[in-house]
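Encoded as structure tokens, the structure appears first; notes follow it.
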Amino acid sequence: MTTLTIGFILIAVLVGLVLLGMQIAYALFGVAFLGIWIIRGNIDLAFRMLELTAYSGIADYLFATIPLFVLMGLLVSVSNVGRDTFEVAEELLRRMICGLGVATVAANTIFAAVTGVSIASAAVFTRVAVPEMTRHGYRPAFSAGTVAGSSVLGMLIPPSLLLIIYGVLAEVSIGGMFIAGIVPGLMLALGFVAMLIGITIFFPSFVLNDPDAVRKRRLDRDFTPMPFKELFLKLVPIIMLVILVLGGLYTGFFTPTEAGGIGAFGALIVALSRRSLDRHKLWQVMKQTGVISVSILLLLIAASFYSRMLAIAGLPNAIAGLVTDSGFGPLGFLFFYAVIILLMGMILDSTSILLIMVPIAAPIAQGLGIDLMHFGIVTVIAVEIGLLTPPFGISVFTVHNTLNDPNVSVEQIFAATLPFIAVMLVVLVIVALIPTTVTMFLY
């Protein structure tokens, strides 16, 4: 049996273990260790490589970005910034068709720019936006689907944990990945807005239980507007954090690690100024930061070990040869790769897909002349779609569990996210065909 055959068998074993419920980190460690032992016939070498990987896998200063951005996101969540952002968006967009739906997308877009975690957005806006939308005549399932659909923006609009993980796995600049995600993220957000307006105009029964109540609210001249001072005070913290983090990164004034530190400090100031952070909440935030950060760093060590096993098996070079011989050009490879990611998204979570596929695919993409940052954004958009597709759809299940409404089933929320998936597929095709949507601010 050749080392190449062994490599393919081990990838199949890895996917099988994850589907059977084994945690991805342990599956990666176990398969990589077994692969090195079998291929080299030396268990001592496998242990030695594991030892070296455990240190070198996360020894770089760059990895401090992970706990810092996680801390910033948790502090922002504790500060009720998400709720305030939605209230401001609701106020400004109340006269727009499907104003509350558009407000949810707008608030999610801004909130994503300081949290970087889709699940956090889904949980926050399920509590804030769904009751408000339902109260004003929107279908509860559509309201929940809007939150689930727009929550995926957290994975693309920087800072994003998925972009950090991809940057580490593909060995590209994390700051560059953050900048690369801005335009595609805005394209997604604008696509969601256009889709919501279009559906409300042409298929109102899909969106509204009570069209008259929504129309009356939109045209109501007697409502009391939010005082400008209150609106300003609600919006200032989130805008300042976005300017601090993204402005510093875009101008090159901060490295990604420094931006994470500045952002976390700014989020701490916001939380303290709003008196939303007592001793108990601070301890919970620090504990969650540690748990999430250690989990991600452990995954990255496991992925590094897995990558070394693949290199020993010669798998990336062999697959690159097969792709070249088959006549696939760069665009054909991107299409084929995106389809695989979309299919894997139906059964695996986002991080698992990145950890399994990027070490294999990134060297092939580079060999075909595909810019790795462009490749990364295509990867993340395709992975994001998996957050909404059954049977896994973790964003949908997060919204369903947070909502806890017996009248709104998981199936109804999945159906309501279909228009969002359609928009994401269109943006995925555009980004794949036009690399400058990613690279226009990079080179």
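Chain lettering (A, B, ...) mirrors the order of the structure tokens, residue numbering begins at 1 for each chain separately, and ligand numbering begins at 1 in order of display.
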
10 Å contact set for Gly167 in chain A, only C-alpha atoms, chain neighbours under 3 positions out, as a PyMOL selection string
chain A and resi 161-164+170-178+358+372-373+376

Would you give me, as a VMD selection string, the residues in range 160-314 of chain A that DSSP reads as helix (DSSP H, G or I)?
chain A and resid 161 to 170 174 to 180 182 to 202 204 to 207 211 to 219 228 to 251 256 to 273 279 to 313

Selection near Ile301 in chain A, 12 Å with only C-alpha atoms, sequence-local residues under 3 positions removed, as a count of residues only
33

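Within the 8 Å cut-off around range 85-91 of chain A, using only C-alpha atoms and omitting residues fewer than 6 positions from it on the same chain, the listed residues are Gly99, Leu100, Ala103, Thr104, Ala106, Ala107, Ile110, Phe111, Val128, Ala129, Pro225, Met226, Leu231, Lys234, Leu235 and Ile238 of chain A.
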
Would you mind exporting the chosen residues as a PDB file, in the first residue's frame, restricted to C-alpha atoms?
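Output contents, as saved in out25.pdb:
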ATOM      1  CA  GLY A  99     -37.489  48.134   8.138  1.00  0.00           C
ATOM      2  CA  LEU A 100     -37.063  45.819  11.125  1.00  0.00           C
ATOM      3  CA  ALA A 103     -32.383  46.933  10.915  1.00  0.00           C
ATOM      4  CA  THR A 104     -31.481  43.402  12.031  1.00  0.00           C
ATOM      5  CA  ALA A 106     -27.559  46.490   9.742  1.00  0.00           C
ATOM      6  CA  ALA A 107     -27.129  45.850  13.471  1.00  0.00           C
ATOM      7  CA  ILE A 110     -21.956  46.528  12.841  1.00  0.00           C
ATOM      8  CA  PHE A 111     -21.976  44.043  15.714  1.00  0.00           C
ATOM      9  CA  VAL A 128     -33.471  41.502  20.903  1.00  0.00           C
ATOM     10  CA  ALA A 129     -34.832  41.474  17.340  1.00  0.00           C
ATOM     11  CA  PRO A 225     -38.619  59.819  17.787  1.00  0.00           C
ATOM     12  CA  MET A 226     -35.653  58.845  19.896  1.00  0.00           C
ATOM     13  CA  LEU A 231     -29.304  57.889  19.770  1.00  0.00           C
ATOM     14  CA  LYS A 234     -26.099  54.370  22.004  1.00  0.00           C
ATOM     15  CA  LEU A 235     -24.128  54.469  18.773  1.00  0.00           C
ATOM     16  CA  ILE A 238     -19.712  50.599  18.752  1.00  0.00           C
TER      17      ILE A 238
END

I want to know what sits within 8 Å of range 387-390 of chain A, based on only C-alpha atoms, with residues of the same chain fewer than 4 positions away left out; could you give that as a PyMOL selection string?
chain A and resi 148-149+152+345-347+349-350+383+394-396+414+417+421

Write out, as a short mmCIF file (atom, residue, chain, number, x, y, z; two decimals), in the first residue's frame, the residues just selected, with N, CA and C atoms.
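Listed below is the output, result-v2.cif:
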data_model
loop_
_atom_site.label_atom_id
_atom_site.label_comp_id
_atom_site.auth_asym_id
_atom_site.auth_seq_id
_atom_site.Cartn_x
_atom_site.Cartn_y
_atom_site.Cartn_z
N ALA A 148 -30.87 34.37 12.02
CA ALA A 148 -29.92 33.30 11.70
C ALA A 148 -29.16 33.62 10.42
N GLY A 149 -29.87 34.10 9.39
CA GLY A 149 -29.23 34.39 8.12
C GLY A 149 -28.21 35.50 8.21
N VAL A 152 -24.43 35.18 10.08
CA VAL A 152 -23.21 34.63 9.46
C VAL A 152 -22.23 35.73 9.06
N GLY A 345 -20.37 21.26 4.64
CA GLY A 345 -21.08 22.14 5.56
C GLY A 345 -22.40 21.58 6.04
N MET A 346 -22.95 20.60 5.31
CA MET A 346 -24.21 19.99 5.72
C MET A 346 -24.03 19.01 6.88
N ILE A 347 -22.80 18.57 7.11
CA ILE A 347 -22.60 17.55 8.12
C ILE A 347 -21.53 17.90 9.16
N ASP A 349 -19.15 21.15 11.33
CA ASP A 349 -19.12 22.55 11.72
C ASP A 349 -18.01 23.29 10.98
N SER A 350 -18.04 24.61 11.05
CA SER A 350 -17.14 25.46 10.26
C SER A 350 -15.67 25.19 10.55
N VAL A 383 -18.01 28.10 3.70
CA VAL A 383 -18.17 27.52 5.04
C VAL A 383 -19.35 28.17 5.76
N ILE A 394 -25.71 25.20 12.45
CA ILE A 394 -25.54 25.55 13.87
C ILE A 394 -26.16 26.90 14.20
N SER A 395 -26.14 27.87 13.27
CA SER A 395 -26.77 29.17 13.55
C SER A 395 -28.28 29.02 13.71
N VAL A 396 -28.87 28.17 12.89
CA VAL A 396 -30.32 27.93 12.97
C VAL A 396 -30.67 27.29 14.31
N PHE A 414 -35.23 26.96 9.04
CA PHE A 414 -34.43 26.56 7.87
C PHE A 414 -35.06 27.09 6.58
N THR A 417 -34.43 30.76 6.05
CA THR A 417 -33.05 31.15 5.72
C THR A 417 -32.70 30.88 4.25
N ILE A 421 -29.41 32.02 1.93
CA ILE A 421 -28.47 31.09 1.29
C ILE A 421 -28.33 31.44 -0.19
#

Find the distance between CA of Ser326 in chain A and CA of Ile381 in chain A and write it in Å to one decimal.
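The value is 26.0 Å.
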
Please list as a PDB file with N, CA and C atoms, in the first residue's frame every residue within 6 Å of range 143-147 of chain A, counting only C-alpha atoms and excluding residues in the same chain fewer than 2 positions away.
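Final output, part_33.pdb:
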ATOM      1  N   VAL A 130     -36.065  39.353  17.429  1.00  0.00           N
ATOM      2  CA  VAL A 130     -37.213  38.491  17.115  1.00  0.00           C
ATOM      3  C   VAL A 130     -38.482  38.945  17.843  1.00  0.00           C
ATOM      4  N   PRO A 140     -43.070  34.965  13.020  1.00  0.00           N
ATOM      5  CA  PRO A 140     -42.000  34.582  13.953  1.00  0.00           C
ATOM      6  C   PRO A 140     -40.896  33.755  13.282  1.00  0.00           C
ATOM      7  N   ALA A 141     -41.293  32.839  12.377  1.00  0.00           N
ATOM      8  CA  ALA A 141     -40.281  32.008  11.708  1.00  0.00           C
ATOM      9  C   ALA A 141     -39.395  32.865  10.810  1.00  0.00           C
ATOM     10  N   GLY A 149     -29.870  34.097   9.390  1.00  0.00           N
ATOM     11  CA  GLY A 149     -29.230  34.391   8.115  1.00  0.00           C
ATOM     12  C   GLY A 149     -28.207  35.496   8.213  1.00  0.00           C
ATOM     13  N   SER A 150     -28.557  36.591   8.891  1.00  0.00           N
ATOM     14  CA  SER A 150     -27.633  37.729   8.978  1.00  0.00           C
ATOM     15  C   SER A 150     -26.520  37.502   9.990  1.00  0.00           C
ATOM     16  N   SER A 151     -26.683  36.541  10.899  1.00  0.00           N
ATOM     17  CA  SER A 151     -25.636  36.291  11.908  1.00  0.00           C
ATOM     18  C   SER A 151     -24.341  35.782  11.278  1.00  0.00           C
ATOM     19  N   ILE A 413     -37.534  27.651  10.481  1.00  0.00           N
ATOM     20  CA  ILE A 413     -36.391  28.580  10.453  1.00  0.00           C
ATOM     21  C   ILE A 413     -35.477  28.244   9.285  1.00  0.00           C
ATOM     22  N   ALA A 416     -36.960  29.708   6.258  1.00  0.00           N
ATOM     23  CA  ALA A 416     -36.837  31.167   6.215  1.00  0.00           C
ATOM     24  C   ALA A 416     -35.426  31.624   5.861  1.00  0.00           C
ATOM     25  N   THR A 417     -34.433  30.761   6.051  1.00  0.00           N
ATOM     26  CA  THR A 417     -33.051  31.145   5.718  1.00  0.00           C
ATOM     27  C   THR A 417     -32.704  30.879   4.250  1.00  0.00           C
TER      28      THR A 417
END

So, with only C-alpha atoms as the atoms that count, which of A:Ala264, A:Ala303, A:Leu233, A:Ala318 lies closest to Thr2 in chain A?
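Looking only at the distances to Thr2 in chain A, the closest residue turns out to be A:Ala318.
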
Excluding same-chain residues fewer than 2 positions from Pro159 in chain A, what lies within 8 Å of it counting only C-alpha atoms, as a PyMOL selection string?
chain A and resi 69+112-116+156-157+161+163+178+246

Residues of the last selection are to be written out with C-alpha atoms, as a short mmCIF file (atom, residue, chain, number, x, y, z; two decimals), in the first residue's frame.
data_model
loop_
_atom_site.label_atom_id
_atom_site.label_comp_id
_atom_site.auth_asym_id
_atom_site.auth_seq_id
_atom_site.Cartn_x
_atom_site.Cartn_y
_atom_site.Cartn_z
CA PHE A 69 -10.46 39.29 20.08
CA ALA A 112 -19.95 41.58 13.61
CA ALA A 113 -17.23 44.21 13.23
CA VAL A 114 -16.39 43.93 16.93
CA THR A 115 -17.29 40.36 17.89
CA GLY A 116 -16.18 38.07 15.06
CA LEU A 156 -16.62 37.29 7.34
CA ILE A 157 -16.60 40.90 8.50
CA LEU A 161 -12.15 33.97 14.30
CA LEU A 163 -10.34 34.41 9.22
CA PHE A 178 -9.22 41.08 7.82
CA LEU A 246 -10.46 48.30 11.70
#

From A:Gln412, A:Gly185, A:Leu403, A:Leu272, residue lying nearest Val124 in chain A [only C-alpha atoms]
A:Leu403

Go through A:Gly367, A:Gly321, A:Gly137, A:Pro158 one by one, measure the shortest atom-to-atom distance of each to Lys216 in chain A using only C-alpha atoms, and give the residue with the smallest value.
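Under the stated criterion, the closest residue is A:Gly137.
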
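Between Thr351 in chain A and the residues A:Val18, A:Ile370, A:Leu188, A:Ala365, the shortest atom-to-atom distance, using only C-alpha atoms, involves A:Val18.
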
If you take only C-alpha atoms and a cut-off of 9 Å, which residues of range 336-439 of chain A touch range 189-193 of chain A, and what are their nearest atom pairs and distances in Å to one decimal, in chain and number order, as a Markdown table?
| residue | atom | partner | partner_atom | distance |
| --- | --- | --- | --- | --- |
| A:Pro419 | CA | A:Phe192 | CA | 8.4 |
| A:Phe420 | CA | A:Phe192 | CA | 6.5 |
| A:Val423 | CA | A:Gly191 | CA | 6.1 |
| A:Met424 | CA | A:Gly191 | CA | 8.2 |
| A:Val426 | CA | A:Gly191 | CA | 9.0 |
| A:Val427 | CA | A:Gly191 | CA | 8.1 |
